[in-house]
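Taking it in order: structure first as structure tokens, then the write-up.
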Amino acid sequence: MINISGAPPNSIIVPPPTEYYDNFSGPGNPACYLTFDNVNDWGGQSFTASQKYNFARVDLYIKKGSGSAVGNVFVELYGVDGNGHPDGPMLNSGIIPNADISEDYAWVTCYLNVMRLTPHIVSPATKYCVVVRGLGFTLVHILYWQCGGDGSGLLSGDQEWSINGGATWSTDNSRDQLFRNYTSPYVDNYSGSALGGGSMPLNSVNDWAGNSFTAQKSYTLKRLEMYFHKDVGDNVGNLKIGLFNLDIADHPDVFLVEGTIPDADVPEGVPAWVGSDVSDYDIIADARYAVVIHGPSLSPSNLIRVVWDNKLGASDFAGGDYEWTITGGMIWTTSTNKDFLFRCYN
């Protein structure tokens with residue numbers, strides 16, 4: 001069964017550095033923790049999102065028992081019900097392997113990308129819960145998650161715990177588990193799903209490929225990337241990757257900012273995220289744009305293959321569409337059931 005130990009300590013919150021968002025960073029108390037020693041022991045920490053962001057990573061202040069091998073620890077993101085308990089479909093998940101957890105308390109990183117490679121976007125003023133569970137927990141293979149707070153630690157969330165595999169939950173609003181939420185370094189993006197797709201060859205100066213999107217917030221764009229490769233032995237020369245506005249038909253129209261990708265940066269045979277820094281450009285929330293790639297030296301013997309994902313025939317990216325042209329940007333075609341993989345960094 002799950003154990004809730006320790007009197008909550010002084011709850012002065014350590015000011016967070018800018019790299020993480022919603023958090024309770026302590027101070028914790030070594031005598032205040034959740035103990036996971038059964039597969040039905042689930043623990044959680046709710047929080048209310050302070051702003052809209054890609055929730056891509058969470059760090060937990062945890063340790064395992066002496067000599068323990070806890071197996072994979074599952075970390076999941078849920079919404080909450082009317083009582084503030086985890087509820088509804090899982091929004092994203094990640095795994096912390098046993099090897100990453102020491103026998104001393106430390107901040108341990110989990111990337112929430114097992115089911116989807118695209119981080120979940122949390123909405124401001126909306127409550128969520130980070131849930132921890134594991135199939136390897138026993139009386140001799142124990143995980144500890146440190147807590148703190150005296151009722152004023154994290155005003156927007158609470159400690160949650162269950163001893164029946166999440167069927168029912170209890171809340172302690174005087175304690176908070178130590179956690180830190182991180183965003184991804186990119187903002188607008190489609191980074192793919194766990195399901196497959198294919199690639200489009202660009203083998204002419206007039207072959208261009210791109211993906212439209214709706215900006216989720218205002219920010220300063222600094223870098224663009226797409227997911228692609230060149231064939232082995234090819235020399236594709238300098239490539240151009242740019243941000244375009246959209247015309248009335250929702251196709252890429254006029255480029256707004258552009259960067260150069262040298263041939264040496266493009267991998268052979270195996271796709272990778274490749275891109276270029278661009279001059280600072282102010283993206284406007286809810287405006288429509290497209291990321292487009294092309295090359296003035298591309299040919300049938302020196303080509304790139306730009307990766308797309310169709311999630312078994314249905315687009316997984318609601319904010320935009322796959323765009324391509326064989327006329328150097330004069331006439332575009334849209335595919336609504338595919339998306340090229342792209343990332344916009346701020």
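Labeling convention for the structure tokens: chains A, B, ... as they appear, residues from 1 per chain, ligands from 1 in order of appearance.
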
Give me the residues near range 277-294 of chain A as a PyMOL selection string, where near means some atom within 8 Å (using only C-alpha atoms) and where sequence neighbours in that chain fewer than 6 positions away do not count. chain A and resi 202+205-224+226+239-246+252+257-259+342

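Of the listed residues (A:Gly295, A:Gly233, A:Gly329, A:Gly198), A:Gly233 comes nearest to Pro267 in chain A; the distances count only C-alpha atoms.
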
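Residues in contact range of Ser335 in chain A, defined as at most 8 Å between only C-alpha atoms, with sequence neighbours fewer than 5 positions away removed, read Asp321, Tyr322 and Glu323 of chain A.
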
Just the selected residues (N, CA and C atoms), exported as a PDB file, in the first residue's frame, please.
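Result file follows (out-v2.pdb):
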```pdb
ATOM      1  N   ASP A 321      -1.691  21.903 -42.774  1.00  0.00           N
ATOM      2  CA  ASP A 321      -1.715  20.833 -43.770  1.00  0.00           C
ATOM      3  C   ASP A 321      -0.391  20.744 -44.530  1.00  0.00           C
ATOM      4  N   TYR A 322      -0.238  19.583 -45.158  1.00  0.00           N
ATOM      5  CA  TYR A 322       0.885  19.253 -46.039  1.00  0.00           C
ATOM      6  C   TYR A 322       0.709  20.028 -47.352  1.00  0.00           C
ATOM      7  N   GLU A 323       1.767  20.720 -47.768  1.00  0.00           N
ATOM      8  CA  GLU A 323       1.725  21.522 -49.000  1.00  0.00           C
ATOM      9  C   GLU A 323       2.913  21.147 -49.887  1.00  0.00           C
TER      10      GLU A 323
END
```

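The environment of Ile304 in chain A within 6 Å, counting only C-alpha atoms and disregarding residues fewer than 5 places along the same chain, consists of Pro201, Leu202, His229 and Lys230 of chain A.
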
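As for CA of Asp172 in chain A and CA of Asn72 in chain A, they are spaced 26.2 Å apart.
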
Please report, as CSV, each residue of range 67-169 of chain A lying at most 9 Å from range 26-40 of chain A, together with the nearest pair of atoms and the separation in Å rounded to one decimal; use only C-alpha atoms, and order rows by chain and ascending residue number.
```
residue,atom,partner,partner_atom,distance
A:Tyr105,CA,A:Pro30,CA,8.5
A:Arg133,CA,A:Val39,CA,7.2
A:Gly134,CA,A:Val39,CA,5.9
A:Leu135,CA,A:Val39,CA,5.1
A:Gly136,CA,A:Val39,CA,6.6
A:Phe137,CA,A:Asn38,CA,4.8
A:Thr138,CA,A:Asp37,CA,4.4
A:Leu139,CA,A:Asp37,CA,4.9
A:Val140,CA,A:Asp37,CA,7.3
A:His141,CA,A:Asp37,CA,6.5
A:Ile142,CA,A:Asp37,CA,4.9
A:Leu143,CA,A:Phe36,CA,5.1
A:Tyr144,CA,A:Thr35,CA,4.8
A:Trp145,CA,A:Leu34,CA,5.2
A:Gln146,CA,A:Tyr33,CA,4.1
A:Cys147,CA,A:Tyr33,CA,5.0
A:Gly148,CA,A:Gly28,CA,4.5
A:Gly149,CA,A:Gly26,CA,7.5
A:Gly153,CA,A:Gly26,CA,7.8
A:Trp161,CA,A:Leu34,CA,8.3
A:Ser162,CA,A:Asn40,CA,7.5
A:Ile163,CA,A:Asn40,CA,5.4
A:Asn164,CA,A:Asn40,CA,4.9
A:Gly165,CA,A:Asn40,CA,4.2
A:Gly166,CA,A:Asn40,CA,7.6
```

In range 57-161 of chain A, DSSP strand (DSSP E or B) residues written as a PDB file with C-alpha atoms, in the first residue's frame:
```pdb
ATOM      1  CA  ARG A  57       9.131  17.162 -19.886  1.00  0.00           C
ATOM      2  CA  VAL A  58       8.638  16.813 -16.146  1.00  0.00           C
ATOM      3  CA  ASP A  59      11.335  16.369 -13.489  1.00  0.00           C
ATOM      4  CA  LEU A  60      10.462  14.573 -10.248  1.00  0.00           C
ATOM      5  CA  TYR A  61      12.391  14.569  -6.966  1.00  0.00           C
ATOM      6  CA  ILE A  62      12.567  10.817  -6.340  1.00  0.00           C
ATOM      7  CA  LYS A  63      14.750   7.953  -5.173  1.00  0.00           C
ATOM      8  CA  LYS A  64      14.499   4.178  -4.874  1.00  0.00           C
ATOM      9  CA  VAL A  73       8.350   4.096 -13.782  1.00  0.00           C
ATOM     10  CA  PHE A  74       5.440   5.451 -15.820  1.00  0.00           C
ATOM     11  CA  VAL A  75       4.743   9.183 -15.680  1.00  0.00           C
ATOM     12  CA  GLU A  76       1.434  10.315 -17.173  1.00  0.00           C
ATOM     13  CA  LEU A  77      -0.468  13.551 -17.685  1.00  0.00           C
ATOM     14  CA  TYR A  78      -4.225  13.714 -17.069  1.00  0.00           C
ATOM     15  CA  GLY A  79      -6.945  16.272 -16.749  1.00  0.00           C
ATOM     16  CA  VAL A  80      -8.945  16.321 -13.510  1.00  0.00           C
ATOM     17  CA  PRO A  86      -6.910  12.635 -12.199  1.00  0.00           C
ATOM     18  CA  ASP A  87      -9.569  11.783 -14.754  1.00  0.00           C
ATOM     19  CA  GLY A  88     -10.339  11.292 -18.410  1.00  0.00           C
ATOM     20  CA  PRO A  89      -8.064  10.070 -21.190  1.00  0.00           C
ATOM     21  CA  MET A  90      -4.308  10.129 -20.678  1.00  0.00           C
ATOM     22  CA  LEU A  91      -2.969  13.217 -22.460  1.00  0.00           C
ATOM     23  CA  ASN A  92       0.659  12.127 -22.737  1.00  0.00           C
ATOM     24  CA  SER A  93       3.121   9.809 -21.038  1.00  0.00           C
ATOM     25  CA  GLY A  94       6.759   8.985 -20.547  1.00  0.00           C
ATOM     26  CA  ILE A  95       8.990   6.410 -18.875  1.00  0.00           C
ATOM     27  CA  ILE A  96      11.773   6.755 -16.316  1.00  0.00           C
ATOM     28  CA  ALA A 106      17.644  13.756  -7.011  1.00  0.00           C
ATOM     29  CA  TRP A 107      15.726  15.527  -9.775  1.00  0.00           C
ATOM     30  CA  VAL A 108      15.051  12.866 -12.411  1.00  0.00           C
ATOM     31  CA  THR A 109      13.918  13.775 -15.923  1.00  0.00           C
ATOM     32  CA  CYS A 110      11.025  12.222 -17.828  1.00  0.00           C
ATOM     33  CA  TYR A 111      10.178  13.198 -21.412  1.00  0.00           C
ATOM     34  CA  ARG A 116       3.148  10.852 -29.281  1.00  0.00           C
ATOM     35  CA  HIS A 120       0.721  18.094 -25.242  1.00  0.00           C
ATOM     36  CA  ILE A 121      -0.240  21.772 -25.161  1.00  0.00           C
ATOM     37  CA  VAL A 122      -1.634  22.737 -21.760  1.00  0.00           C
ATOM     38  CA  LYS A 127      -5.990  22.059 -13.954  1.00  0.00           C
ATOM     39  CA  TYR A 128      -3.996  18.902 -14.731  1.00  0.00           C
ATOM     40  CA  CYS A 129      -2.354  16.121 -12.761  1.00  0.00           C
ATOM     41  CA  VAL A 130       1.020  14.405 -13.155  1.00  0.00           C
ATOM     42  CA  VAL A 131       0.598  10.736 -12.172  1.00  0.00           C
ATOM     43  CA  VAL A 132       3.330   8.246 -11.229  1.00  0.00           C
ATOM     44  CA  ARG A 133       2.902   4.473 -11.234  1.00  0.00           C
ATOM     45  CA  GLY A 134       4.950   1.337 -11.895  1.00  0.00           C
ATOM     46  CA  THR A 138       6.914  -4.389  -4.352  1.00  0.00           C
ATOM     47  CA  HIS A 141      11.407  -2.687  -4.731  1.00  0.00           C
ATOM     48  CA  LEU A 143      10.074   4.171  -5.000  1.00  0.00           C
ATOM     49  CA  TYR A 144       9.948   7.350  -2.903  1.00  0.00           C
ATOM     50  CA  TRP A 145       8.663  10.719  -4.165  1.00  0.00           C
ATOM     51  CA  GLN A 146       9.456  13.587  -1.823  1.00  0.00           C
ATOM     52  CA  CYS A 147       6.881  16.168  -0.825  1.00  0.00           C
ATOM     53  CA  GLY A 148       6.653  19.401   1.147  1.00  0.00           C
ATOM     54  CA  GLN A 159      -0.974  15.826  -3.557  1.00  0.00           C
ATOM     55  CA  GLU A 160      -3.037  12.952  -4.983  1.00  0.00           C
ATOM     56  CA  TRP A 161      -2.759   9.257  -4.137  1.00  0.00           C
TER      57      TRP A 161
END
```
